[in-house]
Structure formats: structure tokens, C-alpha cells
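Novice: I'd like to ask some things about the structure below.
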Amino acid sequence: PLLDIIKENAQTLEQARNNGLFNHSRAGGIPMFESGKGTAENVRFLSVRSFGYDVNSTNFKTADELGVAELVASIINFFTAVKADIFVGVRGSSYSTDVFSVRYYMQQNLKENSRNSSLSGNYLLGPDGIEEVVGSPRPHSCGK
């Protein structure tokens, strides 16, 4: 059963990447952007020696070689979401709550910061549909 859930999640994510979110046969879905591991694999880190950084060294290691490609990809995705003109988060997601909070405190949610001034930039998707997030986001709660 757990393996089936993992496979279904992977297929759903792949479908959203290829066709957008909420793809219907009559209309295309909402485009989804994810930097992913491919971008993280291009990040290089200066090698560290036991006595500190060797700033004259050309010895760099990739995020993959260091075993941190997934972590680097998640950091890239997080800050891409923070700086986006519009972010649609999901109710009950701690990731969405964190993005909303950082955007709020960086004033990324203000209409004058958006290319389209009629949009606030922050939206929350929940069981009752999509709603605009205005002001300080509510604290995270998995159940609400």
C-alpha cells in the first residue's frame, strides 16, 4: 500500500509538471515551476580544508558530490517562491505558511510590488477553493 501511494504521488507530480495543475481536457492547467535537482546540480562549493577555506583553490565540489543536491534544490525553490509575483500555497502546508510569512515580512505580498497591480500575489488553495491571503498569514496548523 505505501509503495502504491509513493508511485501515485510521483505520477501526479510528473503530470502536474508536464500539463500544469488542475489540467482538464477542455483547458490547459496552471503552469507549475520547480527548479528541482537539475538546477542544484549546477551549484559548486569551494572545497574546505581542515584549516579553513582555501580561497586560491580551484577545487570545487558539486552539491551532488557533497550529498546535498536535494537540500540545495529545496532552498532554490523556496526563495524562487518568495520572490515570485504570485504564490499559490496549500492550506495545511507548513512550506506554504513559511513562504507566506517571509513574503509578508519582505513585503513581497503588496500589490505595488506585483507586475499586475490588481493581484495581491498571495493565494491559498483549500477544500473550499482559492482565497486571497491579505495581511499577516495565520500561524501554521495542519488541520485547518
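Within each chain, counting starts at residue 1; across the C-alpha cells, chains are named A, B, ... in the order shown, with ligands numbered 1 upward in that order.
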Can you tell me which residues surround segment 88-99 of chain A at a distance of at most 8 Å, considering only C-alpha atoms, apart from same-chain residues fewer than 2 positions away, and format the answer as a ChimeraX atom specification?

Specialist: /A:78,81-82,86,101-103,122-126,137-144

Novice: Using only N, CA and C atoms, please write the residues we just selected to a file, as a PDB file, in the first residue's frame.

Specialist:
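Output saved as again.pdb:
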ATOM      1  N   PHE A  78      12.428  27.434  -2.553  1.00  0.00           N
ATOM      2  CA  PHE A  78      11.838  28.290  -1.520  1.00  0.00           C
ATOM      3  C   PHE A  78      12.012  29.766  -1.877  1.00  0.00           C
ATOM      4  N   ALA A  81       9.940  30.912  -4.797  1.00  0.00           N
ATOM      5  CA  ALA A  81       8.557  31.159  -4.376  1.00  0.00           C
ATOM      6  C   ALA A  81       8.441  32.480  -3.625  1.00  0.00           C
ATOM      7  N   VAL A  82       9.411  32.784  -2.786  1.00  0.00           N
ATOM      8  CA  VAL A  82       9.388  34.036  -2.025  1.00  0.00           C
ATOM      9  C   VAL A  82       9.425  35.237  -2.956  1.00  0.00           C
ATOM     10  N   ILE A  86       3.386  36.017  -7.932  1.00  0.00           N
ATOM     11  CA  ILE A  86       2.199  35.376  -7.368  1.00  0.00           C
ATOM     12  C   ILE A  86       2.601  34.024  -6.796  1.00  0.00           C
ATOM     13  N   SER A 101       4.782  33.816   5.146  1.00  0.00           N
ATOM     14  CA  SER A 101       5.353  34.634   6.227  1.00  0.00           C
ATOM     15  C   SER A 101       6.554  35.437   5.743  1.00  0.00           C
ATOM     16  N   VAL A 102       7.468  34.801   5.027  1.00  0.00           N
ATOM     17  CA  VAL A 102       8.644  35.511   4.521  1.00  0.00           C
ATOM     18  C   VAL A 102       8.221  36.585   3.525  1.00  0.00           C
ATOM     19  N   ARG A 103       7.270  36.250   2.634  1.00  0.00           N
ATOM     20  CA  ARG A 103       6.774  37.241   1.675  1.00  0.00           C
ATOM     21  C   ARG A 103       6.138  38.427   2.406  1.00  0.00           C
ATOM     22  N   ASN A 122      -0.590  36.678  -3.110  1.00  0.00           N
ATOM     23  CA  ASN A 122      -0.651  35.539  -2.203  1.00  0.00           C
ATOM     24  C   ASN A 122      -2.042  34.928  -2.198  1.00  0.00           C
ATOM     25  N   TYR A 123      -2.092  33.626  -2.501  1.00  0.00           N
ATOM     26  CA  TYR A 123      -3.370  32.927  -2.548  1.00  0.00           C
ATOM     27  C   TYR A 123      -3.226  31.579  -1.868  1.00  0.00           C
ATOM     28  N   LEU A 124      -4.330  31.149  -1.252  1.00  0.00           N
ATOM     29  CA  LEU A 124      -4.352  29.900  -0.506  1.00  0.00           C
ATOM     30  C   LEU A 124      -5.394  28.976  -1.106  1.00  0.00           C
ATOM     31  N   LEU A 125      -4.969  27.780  -1.467  1.00  0.00           N
ATOM     32  CA  LEU A 125      -5.857  26.778  -2.034  1.00  0.00           C
ATOM     33  C   LEU A 125      -6.284  25.837  -0.926  1.00  0.00           C
ATOM     34  N   GLY A 126      -7.590  25.704  -0.751  1.00  0.00           N
ATOM     35  CA  GLY A 126      -8.126  24.812   0.270  1.00  0.00           C
ATOM     36  C   GLY A 126      -9.321  24.059  -0.250  1.00  0.00           C
ATOM     37  N   PRO A 137      -0.017  36.283   7.496  1.00  0.00           N
ATOM     38  CA  PRO A 137      -0.611  34.950   7.368  1.00  0.00           C
ATOM     39  C   PRO A 137      -0.915  34.347   8.741  1.00  0.00           C
ATOM     40  N   ARG A 138      -1.927  33.482   8.766  1.00  0.00           N
ATOM     41  CA  ARG A 138      -2.265  32.793  10.020  1.00  0.00           C
ATOM     42  C   ARG A 138      -1.143  31.826  10.378  1.00  0.00           C
ATOM     43  N   PRO A 139      -0.953  31.563  11.670  1.00  0.00           N
ATOM     44  CA  PRO A 139       0.051  30.567  12.066  1.00  0.00           C
ATOM     45  C   PRO A 139      -0.285  29.203  11.467  1.00  0.00           C
ATOM     46  N   HIS A 140       0.737  28.405  11.271  1.00  0.00           N
ATOM     47  CA  HIS A 140       0.547  27.093  10.667  1.00  0.00           C
ATOM     48  C   HIS A 140      -0.284  26.187  11.556  1.00  0.00           C
ATOM     49  N   SER A 141      -1.190  25.446  10.933  1.00  0.00           N
ATOM     50  CA  SER A 141      -1.974  24.433  11.608  1.00  0.00           C
ATOM     51  C   SER A 141      -2.258  23.342  10.587  1.00  0.00           C
ATOM     52  N   CYS A 142      -1.823  22.132  10.862  1.00  0.00           N
ATOM     53  CA  CYS A 142      -2.007  21.038   9.905  1.00  0.00           C
ATOM     54  C   CYS A 142      -3.477  20.731   9.644  1.00  0.00           C
ATOM     55  N   GLY A 143      -4.312  20.944  10.629  1.00  0.00           N
ATOM     56  CA  GLY A 143      -5.703  20.573  10.499  1.00  0.00           C
ATOM     57  C   GLY A 143      -6.601  21.672   9.957  1.00  0.00           C
ATOM     58  N   LYS A 144      -6.108  22.892   9.821  1.00  0.00           N
ATOM     59  CA  LYS A 144      -7.000  23.995   9.417  1.00  0.00           C
ATOM     60  C   LYS A 144      -6.420  24.803   8.307  1.00  0.00           C
TER      61      LYS A 144
END

Novice: Provide the atom CA of Thr62 of chain A to atom CA of Gly38 of chain A distance in Å, to one decimal place.

Specialist: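 Atom-to-atom, atom CA of Thr62 of chain A to atom CA of Gly38 of chain A, that is 11.7 Å.
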
Novice: Which residue gives the smallest distance to Ala63 of chain A among A:Leu13, A:Ala40, A:Ala84, A:Ile76, with only C-alpha atoms counted?

Specialist: A:Ala40

Novice: How far is it from atom CA of Pro127 of chain A to atom CA of Ala16 of chain A, in Å with one decimal?

Specialist: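 That distance, rounded to one decimal, is 18.6 Å.
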
Novice: Nearest to Phe60 of chain A among A:Ser47, A:Asn18, A:Thr12, A:Asn42, with distances taken over only C-alpha atoms: which residue is it?

Specialist: A:Ser47

Novice: Rank nothing, just name the residue among A:Ser136, A:Thr39, A:Ile130, A:Asn77 nearest to Tyr105 of chain A, using only C-alpha atoms.

Specialist: A:Ser136

Novice: Among segment 38-103 of chain A, which ones does DSSP place in strand (DSSP E or B), written as an NGL selection string?

Specialist: :A and (44-46 or 48-49 or 52-53 or 60-62 or 87-90)

Novice: Just to confirm, what's the straight-line distance from atom CA of Tyr104 of chain A to atom CA of Gly121 of chain A in Å (one decimal)?

Specialist: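 So the two atoms, atom CA of Tyr104 of chain A and atom CA of Gly121 of chain A, lie 10.3 Å apart.
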